[in-house]
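Participant: Below you will find the structure I want to go over with you.
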Amino acid sequence: MKFNTYFLDMCRRTIVFPVIIIDDEDLYSARDMAQLKHLLLRCRQPYDRFIKFIDATGYEFLFEPPVMALIPNVLRQQSFPWKKKEIYRLYQEAPNRPCEVTDPQKLLKKPIGDIIIHLAGLVKDNRPSLAGRLARPFRKRRPFDPRPWLH
């Protein structure tokens, strides 16, 4: 199944990875489109029918599960791109945050992209790895036989 990117194309927006997915209670991170698809399809169905996620530029996107549509959230009331303090507060209030940020003042002085990359790295450690499910199992190779016709 593919995402419906009609609205992204109409608004001339692209998703800059990594992204932080905001589930009802939990935060998840995805580093590419394959991980994003894997996680969005496994999130709980929200009460307002959209699953929200923030890309590395601080813009919010919506995912609508029934039609598999990725939509830029241009109707966000507070501020169009998320502010640094809002993203940090989102991480602090998440019940599944893996660890505390060592120096929050130093983190908040960084650009918004670096903050999201740092927090996505912390959230990534909290969820099960996708590598085992996406990678093919290792197959032991036969030793090279220079004369296969003799067997």
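A note on labels: chains of the structure tokens are A, B, ... as shown, every chain counts residues from 1, and ligands are counted from 1 in their shown order.
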Could you give me the residues within chain A that DSSP places in strand (DSSP E), as a list in words?
Facilitator: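 Answer for chain A, restricted to strand (DSSP E): Val19, Ile20, Ile21, Ile22, Leu27, Tyr28, Ser29, Ala30, Ile51, Lys52, Phe53, Ile54, Glu60, Phe61, Leu62, Phe63, Glu64, Ala69, Leu70, Ile71 and Pro72 of chain A.
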Participant: Could you pull out the helix (DSSP H, G or I) residues of range 13-100 of chain A, going by DSSP on the backbone, and write them as a PDB file with N, CA and C atoms, in the first residue's frame?
Facilitator:
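Printed below is part22.pdb as written:
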ATOM      1  N   MET A  33      10.869   6.768   5.001  1.00  0.00           N
ATOM      2  CA  MET A  33       9.472   6.545   4.655  1.00  0.00           C
ATOM      3  C   MET A  33       9.016   5.133   5.007  1.00  0.00           C
ATOM      4  N   ALA A  34       9.903   4.144   4.924  1.00  0.00           N
ATOM      5  CA  ALA A  34       9.515   2.767   5.266  1.00  0.00           C
ATOM      6  C   ALA A  34       9.168   2.647   6.746  1.00  0.00           C
ATOM      7  N   GLN A  35       9.981   3.247   7.608  1.00  0.00           N
ATOM      8  CA  GLN A  35       9.682   3.220   9.039  1.00  0.00           C
ATOM      9  C   GLN A  35       8.434   4.021   9.347  1.00  0.00           C
ATOM     10  N   LEU A  36       8.251   5.153   8.661  1.00  0.00           N
ATOM     11  CA  LEU A  36       7.060   5.976   8.882  1.00  0.00           C
ATOM     12  C   LEU A  36       5.802   5.189   8.541  1.00  0.00           C
ATOM     13  N   LYS A  37       5.814   4.502   7.411  1.00  0.00           N
ATOM     14  CA  LYS A  37       4.657   3.707   7.009  1.00  0.00           C
ATOM     15  C   LYS A  37       4.399   2.586   8.011  1.00  0.00           C
ATOM     16  N   HIS A  38       5.463   1.915   8.442  1.00  0.00           N
ATOM     17  CA  HIS A  38       5.329   0.816   9.388  1.00  0.00           C
ATOM     18  C   HIS A  38       4.702   1.285  10.700  1.00  0.00           C
ATOM     19  N   LEU A  39       5.147   2.425  11.210  1.00  0.00           N
ATOM     20  CA  LEU A  39       4.652   2.912  12.498  1.00  0.00           C
ATOM     21  C   LEU A  39       3.264   3.543  12.397  1.00  0.00           C
ATOM     22  N   LEU A  40       2.996   4.284  11.325  1.00  0.00           N
ATOM     23  CA  LEU A  40       1.686   4.934  11.202  1.00  0.00           C
ATOM     24  C   LEU A  40       0.562   3.907  11.094  1.00  0.00           C
ATOM     25  N   LEU A  41       0.827   2.798  10.429  1.00  0.00           N
ATOM     26  CA  LEU A  41      -0.209   1.781  10.280  1.00  0.00           C
ATOM     27  C   LEU A  41      -0.457   1.015  11.575  1.00  0.00           C
ATOM     28  N   ARG A  42       0.478   1.082  12.512  1.00  0.00           N
ATOM     29  CA  ARG A  42       0.331   0.368  13.779  1.00  0.00           C
ATOM     30  C   ARG A  42      -0.082   1.257  14.941  1.00  0.00           C
ATOM     31  N   PRO A  65      -5.866   7.538   8.343  1.00  0.00           N
ATOM     32  CA  PRO A  65      -5.763   6.104   8.042  1.00  0.00           C
ATOM     33  C   PRO A  65      -6.722   5.565   6.987  1.00  0.00           C
ATOM     34  N   PRO A  66      -7.999   5.956   6.950  1.00  0.00           N
ATOM     35  CA  PRO A  66      -8.870   5.301   5.968  1.00  0.00           C
ATOM     36  C   PRO A  66      -8.431   5.498   4.516  1.00  0.00           C
ATOM     37  N   VAL A  67      -7.917   6.661   4.188  1.00  0.00           N
ATOM     38  CA  VAL A  67      -7.529   6.920   2.795  1.00  0.00           C
ATOM     39  C   VAL A  67      -6.021   6.945   2.607  1.00  0.00           C
ATOM     40  N   LYS A  84      10.374  25.605  19.750  1.00  0.00           N
ATOM     41  CA  LYS A  84      11.316  24.736  20.452  1.00  0.00           C
ATOM     42  C   LYS A  84      10.756  24.293  21.805  1.00  0.00           C
ATOM     43  N   LYS A  85      10.181  25.223  22.545  1.00  0.00           N
ATOM     44  CA  LYS A  85       9.659  24.898  23.876  1.00  0.00           C
ATOM     45  C   LYS A  85       8.473  23.941  23.785  1.00  0.00           C
ATOM     46  N   GLU A  86       7.643  24.068  22.737  1.00  0.00           N
ATOM     47  CA  GLU A  86       6.512  23.150  22.571  1.00  0.00           C
ATOM     48  C   GLU A  86       7.000  21.720  22.316  1.00  0.00           C
ATOM     49  N   ILE A  87       8.030  21.586  21.492  1.00  0.00           N
ATOM     50  CA  ILE A  87       8.565  20.258  21.193  1.00  0.00           C
ATOM     51  C   ILE A  87       9.207  19.662  22.444  1.00  0.00           C
ATOM     52  N   TYR A  88       9.946  20.481  23.189  1.00  0.00           N
ATOM     53  CA  TYR A  88      10.578  19.991  24.413  1.00  0.00           C
ATOM     54  C   TYR A  88       9.519  19.601  25.447  1.00  0.00           C
ATOM     55  N   ARG A  89       8.460  20.400  25.576  1.00  0.00           N
ATOM     56  CA  ARG A  89       7.375  20.090  26.515  1.00  0.00           C
ATOM     57  C   ARG A  89       6.652  18.799  26.100  1.00  0.00           C
ATOM     58  N   LEU A  90       6.472  18.608  24.790  1.00  0.00           N
ATOM     59  CA  LEU A  90       5.857  17.378  24.291  1.00  0.00           C
ATOM     60  C   LEU A  90       6.672  16.161  24.718  1.00  0.00           C
ATOM     61  N   TYR A  91       7.995  16.264  24.614  1.00  0.00           N
ATOM     62  CA  TYR A  91       8.858  15.156  25.019  1.00  0.00           C
ATOM     63  C   TYR A  91       8.808  14.952  26.537  1.00  0.00           C
ATOM     64  N   GLN A  92       8.822  16.030  27.300  1.00  0.00           N
ATOM     65  CA  GLN A  92       8.823  15.910  28.759  1.00  0.00           C
ATOM     66  C   GLN A  92       7.522  15.316  29.293  1.00  0.00           C
ATOM     67  N   GLU A  93       6.401  15.589  28.629  1.00  0.00           N
ATOM     68  CA  GLU A  93       5.109  15.107  29.102  1.00  0.00           C
ATOM     69  C   GLU A  93       4.761  13.717  28.580  1.00  0.00           C
TER      70      GLU A  93
END
Participant: Could you please determine the separation between CA of Leu62 in chain A and CA of Asp26 in chain A in Å, to one decimal place?
Facilitator: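 Between these atoms lies a distance of 16.0 Å.
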Participant: Would you pick out the contacts of range 107-113 of chain A at 9 Å or less, using only C-alpha atoms, so that residues sharing its chain but fewer than 4 positions from it are not included, and give the list as an MDAnalysis selection string?
Facilitator: chainID A and resid 55:58 82:85 87:88 101:103 117:118
Participant: Rank A:Ile116, A:Ala94, A:Val123, A:Ile71 by their smallest atom-to-atom distance to Thr14 in chain A, using only C-alpha atoms, and report the top residue only.
Facilitator: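 Ranked by minimum distance to Thr14 in chain A, first place goes to A:Ile71.
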Participant: Name the residues in contact with Phe53 in chain A at a cut-off of 7 Å, using only C-alpha atoms, excluding same-chain residues fewer than 2 positions from it; report them as a compact mmCIF listing (two decimals) with N, CA and C atoms, in the first residue's frame.
Facilitator:
# COMPACT_ATOMS: atom_id res chain seq x y z
N VAL A 19 11.27 12.13 11.69
CA VAL A 19 10.00 12.68 12.17
C VAL A 19 9.69 12.09 13.54
N ILE A 20 8.90 12.84 14.31
CA ILE A 20 8.42 12.37 15.61
C ILE A 20 6.91 12.16 15.47
N ILE A 21 6.46 10.94 15.67
CA ILE A 21 5.04 10.60 15.56
C ILE A 21 4.40 10.75 16.92
N ILE A 22 3.28 11.48 16.97
CA ILE A 22 2.57 11.71 18.22
C ILE A 22 1.36 10.80 18.25
N ILE A 51 -3.62 11.06 12.78
CA ILE A 51 -2.41 10.82 13.55
C ILE A 51 -1.44 11.93 13.18
N ASP A 55 7.93 16.89 11.36
CA ASP A 55 9.16 16.59 10.64
C ASP A 55 10.32 17.42 11.19
N GLU A 60 4.01 20.42 11.19
CA GLU A 60 3.14 19.31 11.58
C GLU A 60 2.43 18.76 10.36
N PHE A 61 2.37 17.45 10.29
CA PHE A 61 1.65 16.74 9.24
C PHE A 61 0.62 15.84 9.88
N LEU A 62 -0.39 15.48 9.10
CA LEU A 62 -1.45 14.60 9.56
C LEU A 62 -1.50 13.38 8.68
Participant: In terms of the shortest atom-to-atom distance over only C-alpha atoms, which of A:Tyr28, A:Arg13, A:Asn96, A:Phe3 is closest to Phe63 in chain A?
Facilitator: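 Closest candidate: A:Phe3.
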Participant: Just the number, please: distance in Å from CA of Pro18 in chain A to CA of Tyr59 in chain A, one decimal.
Facilitator: 12.0 Å
